[in-house]
>>> print(open('target-v8.tsv').read())   # TSV, C-alpha atoms and all ligand atoms
chain	number	residue	atom	x	y	z
V	23	MET	CA	-29.47	34.83	14.20
V	24	MET	CA	-30.59	31.30	15.06
V	25	LYS	CA	-33.83	32.71	16.57
V	26	GLN	CA	-34.55	34.72	13.44
V	27	THR	CA	-34.05	31.68	11.17
V	28	ARG	CA	-36.47	29.66	13.36
V	29	ARG	CA	-39.05	32.45	13.20
V	30	ILE	CA	-38.75	32.59	9.40
V	31	LEU	CA	-39.09	28.77	9.15
V	32	LEU	CA	-42.14	28.76	11.44
V	33	GLY	CA	-43.69	31.56	9.44
V	34	LEU	CA	-43.13	29.64	6.19
V	35	ALA	CA	-44.65	26.44	7.66
V	36	ALA	CA	-47.73	28.34	8.83
V	37	SER	CA	-48.29	30.00	5.50
V	38	THR	CA	-47.88	26.64	3.69
V	39	LEU	CA	-50.48	25.14	6.01
V	40	ALA	CA	-52.84	28.05	5.39
V	41	LEU	CA	-52.31	27.66	1.67
V	42	VAL	CA	-53.05	23.93	1.80
V	43	ALA	CA	-56.10	24.51	3.98
V	44	GLY	CA	-57.23	27.31	1.67
V	45	CYS	CA	-56.89	25.05	-1.37
V	46	ALA	CA	-58.75	22.27	0.39
V	47	ARG	CA	-61.59	24.63	1.28
V	48	GLN	CA	-61.68	26.03	-2.17
V	49	GLU	CA	-61.77	22.50	-3.57
V	50	LYS	CA	-64.53	21.58	-1.12
V	51	ASP	CA	-66.54	24.64	-2.04
V	52	GLU	CA	-66.20	23.86	-5.70
V	53	ARG	CA	-67.33	20.27	-5.44
V	54	ILE	CA	-70.59	19.46	-7.13
V	55	VAL	CA	-73.33	18.85	-4.54
V	56	LEU	CA	-75.77	16.07	-5.41
V	57	GLY	CA	-78.87	15.35	-3.32
V	58	PHE	CA	-79.96	11.75	-3.79
V	59	SER	CA	-83.16	10.22	-2.42
V	60	GLN	CA	-82.99	6.42	-2.36
V	61	ILE	CA	-86.12	4.25	-1.98
V	62	GLY	CA	-84.83	2.16	0.92
V	63	ALA	CA	-83.00	-1.11	1.46
V	64	GLU	CA	-85.74	-3.56	0.52
V	65	SER	CA	-83.64	-5.92	-1.60
V	66	GLU	CA	-80.17	-7.18	-2.45
V	67	TRP	CA	-80.51	-5.19	-5.68
V	68	ARG	CA	-81.17	-1.96	-3.77
V	69	THR	CA	-78.13	-2.47	-1.53
V	70	ALA	CA	-75.93	-2.90	-4.62
V	71	ASN	CA	-77.50	0.19	-6.21
V	72	THR	CA	-76.82	2.32	-3.12
V	73	GLU	CA	-73.23	1.08	-2.94
V	74	SER	CA	-72.70	1.88	-6.64
V	75	ILE	CA	-74.01	5.44	-6.17
V	76	LYS	CA	-71.95	6.11	-3.04
V	77	SER	CA	-68.69	4.75	-4.45
V	78	ALA	CA	-69.10	6.51	-7.81
V	79	ALA	CA	-69.70	9.82	-6.01
V	80	ALA	CA	-66.57	9.29	-3.90
V	81	THR	CA	-64.48	8.38	-6.98
V	82	MET	CA	-65.64	11.44	-8.90
V	83	GLY	CA	-65.27	13.81	-5.93
V	84	ILE	CA	-68.97	14.65	-5.84
V	85	ASP	CA	-70.40	15.79	-2.51
V	86	LEU	CA	-73.29	13.33	-2.11
V	87	ARG	CA	-76.15	14.12	0.29
V	88	PHE	CA	-77.87	10.75	0.60
V	89	ALA	CA	-81.33	10.16	2.09
V	90	ASP	CA	-82.98	6.77	2.63
V	91	ALA	CA	-86.79	7.01	2.32
V	92	GLN	CA	-87.59	3.64	3.88
V	93	GLN	CA	-89.99	2.78	1.06
V	94	LYS	CA	-92.20	5.85	1.70
V	95	GLN	CA	-93.05	8.43	-0.94
V	96	GLU	CA	-93.68	11.10	1.70
V	97	ASN	CA	-90.08	10.69	2.94
V	98	GLN	CA	-88.78	11.09	-0.60
V	99	ILE	CA	-90.79	14.28	-1.07
V	100	LYS	CA	-89.45	15.62	2.26
V	101	ALA	CA	-85.88	14.78	1.20
V	102	ILE	CA	-86.28	16.51	-2.17
V	103	ARG	CA	-87.67	19.63	-0.43
V	104	SER	CA	-84.71	19.61	1.92
V	105	PHE	CA	-82.29	19.36	-1.05
V	106	ILE	CA	-84.03	22.37	-2.60
V	107	ALA	CA	-83.63	24.29	0.68
V	108	GLN	CA	-79.93	23.33	0.76
V	109	ARG	CA	-79.54	24.66	-2.80
V	110	VAL	CA	-77.78	21.52	-4.05
V	111	ASP	CA	-76.51	21.60	-7.66
V	112	VAL	CA	-78.47	18.56	-8.84
V	113	ILE	CA	-81.19	16.33	-7.35
V	114	ALA	CA	-81.45	12.66	-8.31
V	115	PHE	CA	-83.90	10.10	-7.02
V	116	SER	CA	-85.31	6.66	-7.60
V	117	PRO	CA	-89.08	7.11	-7.19
V	118	VAL	CA	-90.78	4.44	-5.09
V	119	VAL	CA	-94.03	4.82	-7.08
V	120	GLU	CA	-94.79	6.37	-10.47
V	121	THR	CA	-97.35	9.03	-9.62
V	122	GLY	CA	-97.66	11.99	-7.24
V	123	TRP	CA	-94.42	13.84	-8.06
V	124	ASP	CA	-95.68	16.85	-10.06
V	125	THR	CA	-95.75	19.41	-7.24
V	126	VAL	CA	-92.31	18.69	-5.80
V	127	LEU	CA	-90.76	18.48	-9.28
V	128	GLN	CA	-92.28	21.87	-10.10
V	129	GLU	CA	-90.73	23.24	-6.89
V	130	ALA	CA	-87.29	21.96	-8.00
V	131	LYS	CA	-87.80	23.49	-11.44
V	132	ALA	CA	-88.81	26.84	-9.92
V	133	ALA	CA	-85.61	26.72	-7.83
V	134	LYS	CA	-83.66	26.00	-11.06
V	135	ILE	CA	-82.28	22.72	-9.71
V	136	PRO	CA	-82.08	20.02	-12.41
V	137	VAL	CA	-83.51	16.61	-11.54
V	138	ILE	CA	-82.27	13.25	-12.83
V	139	LEU	CA	-84.37	10.10	-12.34
V	140	THR	CA	-82.53	6.85	-11.72
V	141	ASP	CA	-83.76	3.25	-11.79
V	142	ARG	CA	-87.49	4.07	-11.91
V	143	SER	CA	-89.38	6.74	-13.81
V	144	VAL	CA	-92.45	8.86	-13.03
V	145	THR	CA	-95.66	9.71	-14.84
V	146	ALA	CA	-95.23	13.48	-14.93
V	147	ASP	CA	-94.50	16.21	-17.47
V	148	PRO	CA	-91.09	15.19	-18.92
V	149	SER	CA	-89.92	18.82	-18.85
V	150	LEU	CA	-89.77	18.48	-15.05
V	151	TYR	CA	-86.63	16.30	-15.21
V	152	VAL	CA	-83.54	16.38	-17.40
V	153	GLY	CA	-83.06	12.65	-17.84
V	154	PHE	CA	-83.86	9.12	-16.74
V	155	ILE	CA	-81.20	6.40	-16.34
V	156	GLY	CA	-82.61	2.94	-15.81
V	157	SER	CA	-83.67	-0.45	-17.10
V	158	ASP	CA	-86.42	-1.27	-19.55
V	159	PHE	CA	-88.78	-3.03	-17.12
V	160	VAL	CA	-91.33	-3.98	-19.79
V	161	GLU	CA	-88.58	-5.78	-21.69
V	162	GLU	CA	-87.53	-7.58	-18.50
V	163	GLY	CA	-91.11	-8.83	-18.11
V	164	ARG	CA	-91.10	-9.92	-21.75
V	165	LYS	CA	-87.86	-11.87	-21.22
V	166	ALA	CA	-89.42	-13.70	-18.28
V	167	GLY	CA	-92.53	-14.41	-20.39
V	168	ARG	CA	-90.41	-15.72	-23.26
V	169	TRP	CA	-88.53	-18.01	-20.89
V	170	VAL	CA	-91.83	-19.52	-19.64
V	171	ALA	CA	-93.28	-19.77	-23.17
V	172	GLU	CA	-90.17	-21.58	-24.42
V	173	ARG	CA	-90.04	-23.90	-21.43
V	174	PHE	CA	-93.70	-24.93	-21.88
V	175	LYS	CA	-93.93	-24.83	-25.66
V	176	ASP	CA	-94.82	-28.52	-25.83
V	177	ALA	CA	-97.38	-28.47	-22.97
V	178	THR	CA	-100.64	-30.15	-23.83
V	179	SER	CA	-102.65	-28.86	-20.86
V	180	ASP	CA	-102.90	-25.61	-18.90
V	181	VAL	CA	-99.77	-24.25	-17.22
V	182	ASN	CA	-100.74	-22.57	-13.94
V	183	ILE	CA	-98.62	-19.55	-13.09
V	184	VAL	CA	-98.60	-17.57	-9.86
V	185	GLU	CA	-97.13	-14.08	-9.84
V	186	LEU	CA	-95.45	-12.17	-7.04
V	187	GLN	CA	-95.67	-8.51	-7.98
V	188	GLY	CA	-93.41	-5.74	-6.75
V	189	THR	CA	-94.51	-2.73	-4.71
V	190	VAL	CA	-98.00	-1.54	-5.67
V	191	GLY	CA	-97.77	1.47	-8.00
V	192	ALA	CA	-94.02	1.05	-8.63
V	193	GLY	CA	-92.78	1.31	-12.22
V	194	PRO	CA	-91.06	-2.10	-12.25
V	195	ALA	CA	-94.18	-3.81	-10.83
V	196	ILE	CA	-96.46	-2.26	-13.45
V	197	ASP	CA	-94.07	-2.77	-16.38
V	198	ARG	CA	-92.83	-6.27	-15.51
V	199	LYS	CA	-96.44	-7.44	-15.29
V	200	LYS	CA	-97.27	-5.75	-18.59
V	201	GLY	CA	-94.28	-7.24	-20.47
V	202	PHE	CA	-94.88	-10.74	-19.11
V	203	GLU	CA	-98.60	-10.67	-19.96
V	204	GLU	CA	-97.87	-9.32	-23.43
V	205	ILE	CA	-95.83	-12.44	-24.24
V	206	ILE	CA	-97.94	-15.11	-22.55
V	207	SER	CA	-101.17	-13.76	-24.04
V	208	ALA	CA	-100.07	-15.39	-27.31
V	209	TYR	CA	-100.11	-18.81	-25.58
V	210	PRO	CA	-103.64	-19.62	-24.30
V	211	HIS	CA	-102.38	-22.56	-22.21
V	212	LEU	CA	-100.22	-20.22	-20.06
V	213	LYS	CA	-102.49	-18.92	-17.32
V	214	ILE	CA	-101.82	-16.59	-14.37
V	215	ILE	CA	-104.06	-18.09	-11.69
V	216	ARG	CA	-102.97	-15.86	-8.78
V	217	SER	CA	-101.17	-12.54	-8.58
V	218	GLN	CA	-100.39	-10.41	-5.55
V	219	SER	CA	-97.80	-7.90	-4.32
V	220	GLY	CA	-94.88	-9.14	-2.23
V	221	ASP	CA	-93.49	-5.58	-1.97
V	222	PHE	CA	-90.09	-6.63	-3.42
V	223	THR	CA	-89.02	-8.17	-0.07
V	224	ARG	CA	-88.07	-11.73	0.95
V	225	ALA	CA	-90.36	-11.72	3.98
V	226	LYS	CA	-93.40	-10.66	1.95
V	227	GLY	CA	-92.49	-13.02	-0.89
V	228	LYS	CA	-92.54	-15.93	1.54
V	229	GLU	CA	-95.76	-14.80	3.21
V	230	VAL	CA	-97.68	-14.36	-0.06
V	231	MET	CA	-96.36	-17.64	-1.52
V	232	GLU	CA	-97.52	-19.43	1.64
V	233	ALA	CA	-100.97	-17.94	1.12
V	234	PHE	CA	-101.00	-19.02	-2.56
V	235	LEU	CA	-100.05	-22.59	-1.65
V	236	LYS	CA	-102.62	-22.73	1.10
V	237	ALA	CA	-105.50	-21.35	-0.96
V	238	GLU	CA	-104.79	-23.04	-4.29
V	239	THR	CA	-106.29	-26.43	-5.04
V	240	ARG	CA	-104.87	-26.61	-8.56
V	241	LYS	CA	-101.24	-27.59	-9.16
V	242	ILE	CA	-98.95	-24.57	-9.44
V	243	HIS	CA	-96.45	-25.14	-12.27
V	244	VAL	CA	-94.62	-21.80	-12.35
V	245	LEU	CA	-93.80	-18.89	-10.07
V	246	TYR	CA	-92.99	-15.60	-11.77
V	247	ALA	CA	-91.52	-13.18	-9.18
V	248	HIS	CA	-90.84	-9.54	-10.06
V	249	ASN	CA	-87.54	-9.74	-8.16
V	250	ASP	CA	-85.08	-12.33	-6.85
V	251	ASP	CA	-85.64	-11.47	-3.20
V	252	MET	CA	-89.32	-12.40	-3.36
V	253	ALA	CA	-88.42	-15.60	-5.26
V	254	ILE	CA	-85.88	-16.51	-2.56
V	255	GLY	CA	-88.50	-15.92	0.16
V	256	ALA	CA	-91.02	-17.98	-1.84
V	257	ILE	CA	-88.52	-20.86	-2.24
V	258	GLN	CA	-88.59	-21.24	1.53
V	259	ALA	CA	-92.40	-21.40	1.55
V	260	ILE	CA	-92.40	-23.92	-1.32
V	261	GLU	CA	-89.92	-26.20	0.45
V	262	GLU	CA	-91.86	-25.95	3.70
V	263	ALA	CA	-94.93	-27.12	1.75
V	264	GLY	CA	-92.99	-30.22	0.69
V	265	ILE	CA	-92.63	-29.17	-2.97
V	266	LYS	CA	-89.28	-29.08	-4.80
V	267	PRO	CA	-88.59	-25.58	-6.18
V	268	GLY	CA	-86.75	-25.65	-9.50
V	269	SER	CA	-88.12	-29.03	-10.58
V	270	GLU	CA	-91.68	-29.64	-9.32
V	271	LEU	CA	-92.45	-25.94	-9.41
V	272	LEU	CA	-90.38	-23.83	-11.82
V	273	ILE	CA	-89.32	-20.31	-10.87
V	274	VAL	CA	-88.27	-17.32	-12.93
V	275	SER	CA	-87.46	-13.96	-11.36
V	276	ILE	CA	-85.74	-10.67	-12.10
V	277	ASP	CA	-82.51	-8.88	-10.95
V	278	ALA	CA	-79.73	-11.52	-11.24
V	279	VAL	CA	-78.30	-10.81	-7.77
V	280	LYS	CA	-75.74	-13.18	-6.18
V	281	GLY	CA	-78.47	-14.81	-4.05
V	282	ALA	CA	-80.27	-15.82	-7.26
V	283	PHE	CA	-77.10	-17.41	-8.66
V	284	GLU	CA	-76.69	-19.37	-5.43
V	285	ALA	CA	-80.30	-20.55	-5.66
V	286	MET	CA	-79.80	-21.54	-9.32
V	287	ILE	CA	-76.62	-23.48	-8.49
V	288	ALA	CA	-78.58	-25.24	-5.71
V	289	GLY	CA	-81.18	-26.17	-8.37
V	290	LYS	CA	-83.98	-24.18	-6.70
V	291	LEU	CA	-84.38	-21.28	-9.14
V	292	ASN	CA	-84.61	-21.83	-12.88
V	293	ALA	CA	-83.82	-18.47	-14.41
V	294	THR	CA	-83.21	-14.84	-13.54
V	295	ILE	CA	-83.48	-11.84	-15.80
V	296	GLU	CA	-80.79	-9.25	-15.21
V	297	CYS	CA	-81.67	-5.78	-13.92
V	298	ASN	CA	-78.40	-3.92	-13.51
V	299	PRO	CA	-78.16	-1.78	-10.34
V	300	LEU	CA	-74.60	-0.52	-11.02
V	301	ILE	CA	-75.67	2.82	-12.44
V	302	GLY	CA	-73.65	5.05	-10.08
V	303	PRO	CA	-70.85	5.91	-12.57
V	304	GLN	CA	-73.37	6.73	-15.30
V	305	LEU	CA	-75.32	8.94	-12.89
V	306	MET	CA	-72.22	10.85	-11.73
V	307	THR	CA	-71.11	11.43	-15.35
V	308	SER	CA	-74.56	12.80	-16.16
V	309	VAL	CA	-74.52	15.01	-13.04
V	310	ALA	CA	-71.15	16.49	-14.06
V	311	GLN	CA	-72.44	17.08	-17.60
V	312	VAL	CA	-75.59	18.81	-16.37
V	313	VAL	CA	-73.58	21.08	-14.07
V	314	ALA	CA	-71.25	21.91	-16.99
V	315	GLY	CA	-74.32	22.97	-18.97
V	316	GLN	CA	-74.10	20.04	-21.39
V	317	PRO	CA	-77.25	18.22	-22.50
V	318	ILE	CA	-77.73	14.60	-21.43
V	319	PRO	CA	-79.90	12.01	-23.19
V	320	LYS	CA	-83.48	12.11	-21.92
V	321	ARG	CA	-83.39	8.31	-21.61
V	322	ILE	CA	-80.38	6.11	-20.87
V	323	VAL	CA	-81.27	2.40	-20.99
V	324	VAL	CA	-79.14	-0.09	-19.08
V	325	GLN	CA	-78.15	-3.23	-21.05
V	326	GLU	CA	-79.06	-6.59	-19.50
V	327	GLU	CA	-78.95	-10.39	-19.96
V	328	VAL	CA	-80.83	-13.58	-19.03
V	329	PHE	CA	-79.17	-16.28	-16.85
V	330	THR	CA	-80.36	-19.83	-16.29
V	331	MET	CA	-79.50	-22.58	-13.79
V	332	GLU	CA	-77.64	-24.45	-16.55
V	333	THR	CA	-75.02	-21.69	-16.86
V	334	ALA	CA	-75.17	-20.15	-13.35
V	335	LYS	CA	-71.92	-21.75	-12.15
V	336	GLN	CA	-69.82	-20.29	-14.94
V	337	HIS	CA	-71.12	-16.76	-14.29
V	338	ILE	CA	-71.24	-16.50	-10.48
V	339	GLN	CA	-67.54	-15.60	-10.06
V	340	SER	CA	-67.75	-12.64	-12.40
V	341	ARG	CA	-70.95	-11.23	-10.86
V	342	LYS	CA	-70.39	-7.89	-9.14
V	343	TYR	CA	-73.58	-7.80	-7.09
K	401	LIG	O1	-86.51	-0.80	-9.32
K	401	LIG	C1	-85.75	-1.96	-9.37
K	401	LIG	C2	-86.32	-2.98	-8.47
K	401	LIG	O2	-86.41	-2.48	-7.16
K	401	LIG	C3	-85.53	-4.26	-8.33
K	401	LIG	O3	-85.89	-5.24	-9.22
K	401	LIG	C4	-85.92	-4.69	-6.97
K	401	LIG	O4	-85.19	-5.74	-6.45
K	401	LIG	C5	-85.84	-3.39	-6.26
K	401	LIG	O5	-86.27	-3.37	-5.01
>>> encode(input="target-v8.tsv", output="structure tokens", more="lines below")
Ligand code: AHR
Amino acid sequence: MMKQTRRILLGLAASTLALVAGCARQEKDERIVLGFSQIGAESEWRTANTESIKSAAATMGIDLRFADAQQKQENQIKAIRSFIAQRVDVIAFSPVVETGWDTVLQEAKAAKIPVILTDRSVTADPSLYVGFIGSDFVEEGRKAGRWVAERFKDATSDVNIVELQGTVGAGPAIDRKKGFEEIISAYPHLKIIRSQSGDFTRAKGKEVMEAFLKAETRKIHVLYAHNDDMAIGAIQAIEEAGIKPGSELLIVSIDAVKGAFEAMIAGKLNATIECNPLIGPQLMTSVAQVVAGQPIPKRIVVQEEVFTMETAKQHIQSRKY
């Protein structure tokens, strides 16, 4: 009798386990699979963006297949092709440059896998992707231009500006330059005297700023950097040249990462224009909507602010990246 009861109990335990395992498998099989190709890890901004995407996927139970392209378009194309071969439900990616995506996007369309662009857009037929979630980079450039114009509104002689551009061919590099130039073109005394790519990295920002300082005989009044990392690298070069960043040479950059707030509090960076990397939750919501057959807006613009060294201290605690 005792033996029989034990056998029945063991049998029940086994079937419960099988049931739990079965449910788990079923749940796993039913999870949405998202293939995401990230640009790389070139900046503090990018690290925060990756973290936002990974944690939002985990929170929403989305099976994320993540690939880091190490700043190379060919790696992104390879990753997208591999997602197509894996038959993922949705592909999302942040394109390193704007052009050269038509063929691979057509392949995704032919495989009936919807594509969502995040952070940066592409110059391709818009029917090749379902939506784009990201910042308005032209407006960010305009904000930086307005900050410089306001700061030098009473200048009586030329204001010499040097510009550190982002990665050549990247949407934010093209648009931030465009927006900035659009504003300063109304002020003939604001002049860009040198402009070169620092590839969105600290190391390159420092290297190019060193070259500017070495080659330039005129006084440099302003540095406009397309991201905070390049500005932080350049600050080092400026200090090494015996110039005081933030007072003798004013600096405005874009992103509003923690490092920029620290530099502003230290009086070395004058202003940063926010570019919000925390778009993971918005992306996952859009992915779920697309899989459910619901339409998503073709363009979702992220809202952003401007921060200056005067108010940096009161904001740093509440910054999430
Ligand atoms: O595309 C957004 C830009 O890319 C950020 O401004 C920069 O820091 C990043 O690398």
>>> residues_near_ligand(input="target-v8.tsv", ligand="ligand LIG 401 (chain K)", cutoff="9 Å", atoms="all atoms listed in the file", output="PyMOL selection string")
chain V and resi 61-69+116-118+140-142+156-157+159+188-189+192-195+221-223+248-252+276-277+279+296-299
>>> closest_residue(input="target-v8.tsv", among="V:Lys320, V:Phe329, V:Ile257, V:Ala91", to="Val152 of chain V", atoms="only C-alpha atoms")
V:Lys320
>>> closest_residue(input="target-v8.tsv", among="V:Thr239, V:Gln60, V:Thr178, V:Asn71", to="Asp90 of chain V", atoms="only C-alpha atoms")
V:Gln60
>>> residues_around(input="target-v8.tsv", residues="Val137 of chain V", least_positions_apart="6", cutoff="6 Å", atoms="all atoms listed in the file", output="ChimeraX atom specification")
/V:113-114,151-152
>>> residues_around(input="target-v8.tsv", residues="Ile338 of chain V", least_positions_apart="4", cutoff="12 Å", atoms="all atoms listed in the file", output="ChimeraX atom specification")
/V:278-287,329-334,342-343
>>> closest_residue(input="target-v8.tsv", among="V:Ser269, V:Gln95, V:Thr72, V:Gln218", to="Leu305 of chain V", atoms="all atoms listed in the file")
V:Thr72
>>> decode(input="target-v8.tsv", residues="segment 147-231 of chain V", atoms="C-alpha atoms", output="JSON list (two decimals), in the first residue's frame")
[["chain", "number", "residue", "atom", "x", "y", "z"],
["V", 147, "ASP", "CA", 12.84, 53.65, -50.35],
["V", 148, "PRO", "CA", 10.69, 54.19, -47.20],
["V", 149, "SER", "CA", 8.55, 51.17, -48.07],
["V", 150, "LEU", "CA", 11.56, 49.02, -47.14],
["V", 151, "TYR", "CA", 11.08, 49.68, -43.40],
["V", 152, "VAL", "CA", 7.99, 50.00, -41.22],
["V", 153, "GLY", "CA", 9.17, 52.80, -38.96],
["V", 154, "PHE", "CA", 12.02, 54.92, -37.62],
["V", 155, "ILE", "CA", 12.42, 55.78, -33.93],
["V", 156, "GLY", "CA", 15.06, 58.40, -33.23],
["V", 157, "SER", "CA", 16.10, 61.97, -32.60],
["V", 158, "ASP", "CA", 15.81, 64.95, -34.89],
["V", 159, "PHE", "CA", 19.53, 65.47, -35.55],
["V", 160, "VAL", "CA", 19.03, 68.61, -37.65],
["V", 161, "GLU", "CA", 17.20, 70.20, -34.74],
["V", 162, "GLU", "CA", 20.04, 69.19, -32.39],
["V", 163, "GLY", "CA", 22.49, 70.99, -34.69],
["V", 164, "ARG", "CA", 20.19, 74.02, -34.73],
["V", 165, "LYS", "CA", 20.08, 74.07, -30.92],
["V", 166, "ALA", "CA", 23.88, 74.07, -30.78],
["V", 167, "GLY", "CA", 23.95, 76.87, -33.38],
["V", 168, "ARG", "CA", 21.42, 78.91, -31.41],
["V", 169, "TRP", "CA", 23.49, 78.49, -28.25],
["V", 170, "VAL", "CA", 26.60, 79.86, -30.04],
["V", 171, "ALA", "CA", 24.63, 82.68, -31.71],
["V", 172, "GLU", "CA", 23.14, 83.76, -28.38],
["V", 173, "ARG", "CA", 26.46, 83.55, -26.58],
["V", 174, "PHE", "CA", 28.21, 85.73, -29.19],
["V", 175, "LYS", "CA", 25.35, 88.06, -30.07],
["V", 176, "ASP", "CA", 27.33, 91.11, -28.95],
["V", 177, "ALA", "CA", 30.62, 90.13, -30.64],
["V", 178, "THR", "CA", 32.18, 92.90, -32.66],
["V", 179, "SER", "CA", 34.74, 90.78, -34.51],
["V", 180, "ASP", "CA", 34.85, 87.32, -36.07],
["V", 181, "VAL", "CA", 34.14, 84.30, -33.86],
["V", 182, "ASN", "CA", 36.30, 81.39, -34.99],
["V", 183, "ILE", "CA", 34.62, 78.01, -34.63],
["V", 184, "VAL", "CA", 36.18, 74.58, -35.08],
["V", 185, "GLU", "CA", 33.93, 71.60, -35.65],
["V", 186, "LEU", "CA", 34.45, 67.95, -34.75],
["V", 187, "GLN", "CA", 32.13, 65.97, -36.99],
["V", 188, "GLY", "CA", 30.80, 62.50, -36.31],
["V", 189, "THR", "CA", 31.45, 59.42, -38.44],
["V", 190, "VAL", "CA", 31.69, 60.28, -42.15],
["V", 191, "GLY", "CA", 28.40, 59.47, -43.90],
["V", 192, "ALA", "CA", 26.46, 58.96, -40.64],
["V", 193, "GLY", "CA", 23.04, 60.59, -40.33],
["V", 194, "PRO", "CA", 23.85, 62.52, -37.13],
["V", 195, "ALA", "CA", 27.10, 63.87, -38.63],
["V", 196, "ILE", "CA", 25.37, 65.10, -41.79],
["V", 197, "ASP", "CA", 22.30, 66.51, -40.01],
["V", 198, "ARG", "CA", 24.05, 68.10, -37.02],
["V", 199, "LYS", "CA", 26.35, 69.95, -39.41],
["V", 200, "LYS", "CA", 23.40, 71.03, -41.53],
["V", 201, "GLY", "CA", 21.32, 72.31, -38.57],
["V", 202, "PHE", "CA", 24.26, 74.18, -37.04],
["V", 203, "GLU", "CA", 25.21, 75.85, -40.35],
["V", 204, "GLU", "CA", 21.59, 76.78, -41.01],
["V", 205, "ILE", "CA", 21.52, 78.87, -37.82],
["V", 206, "ILE", "CA", 24.99, 80.43, -37.93],
["V", 207, "SER", "CA", 24.63, 81.40, -41.60],
["V", 208, "ALA", "CA", 22.39, 84.24, -40.38],
["V", 209, "TYR", "CA", 25.33, 85.65, -38.36],
["V", 210, "PRO", "CA", 28.23, 86.57, -40.69],
["V", 211, "HIS", "CA", 30.66, 87.00, -37.76],
["V", 212, "LEU", "CA", 30.28, 83.29, -36.79],
["V", 213, "LYS", "CA", 32.78, 81.39, -38.91],
["V", 214, "ILE", "CA", 33.67, 77.69, -39.06],
["V", 215, "ILE", "CA", 37.41, 77.82, -39.72],
["V", 216, "ARG", "CA", 38.14, 74.08, -39.46],
["V", 217, "SER", "CA", 35.95, 70.99, -39.63],
["V", 218, "GLN", "CA", 36.95, 67.34, -39.56],
["V", 219, "SER", "CA", 35.59, 63.95, -38.47],
["V", 220, "GLY", "CA", 36.50, 62.62, -35.03],
["V", 221, "ASP", "CA", 34.43, 59.46, -35.65],
["V", 222, "PHE", "CA", 32.32, 60.02, -32.50],
["V", 223, "THR", "CA", 35.14, 58.73, -30.24],
["V", 224, "ARG", "CA", 37.16, 60.36, -27.43],
["V", 225, "ALA", "CA", 40.49, 59.21, -28.85],
["V", 226, "LYS", "CA", 39.77, 60.67, -32.30],
["V", 227, "GLY", "CA", 38.28, 63.83, -30.79],
["V", 228, "LYS", "CA", 41.52, 64.44, -28.92],
["V", 229, "GLU", "CA", 43.70, 63.63, -31.93],
["V", 230, "VAL", "CA", 41.82, 65.94, -34.33],
["V", 231, "MET", "CA", 41.65, 68.78, -31.77]]
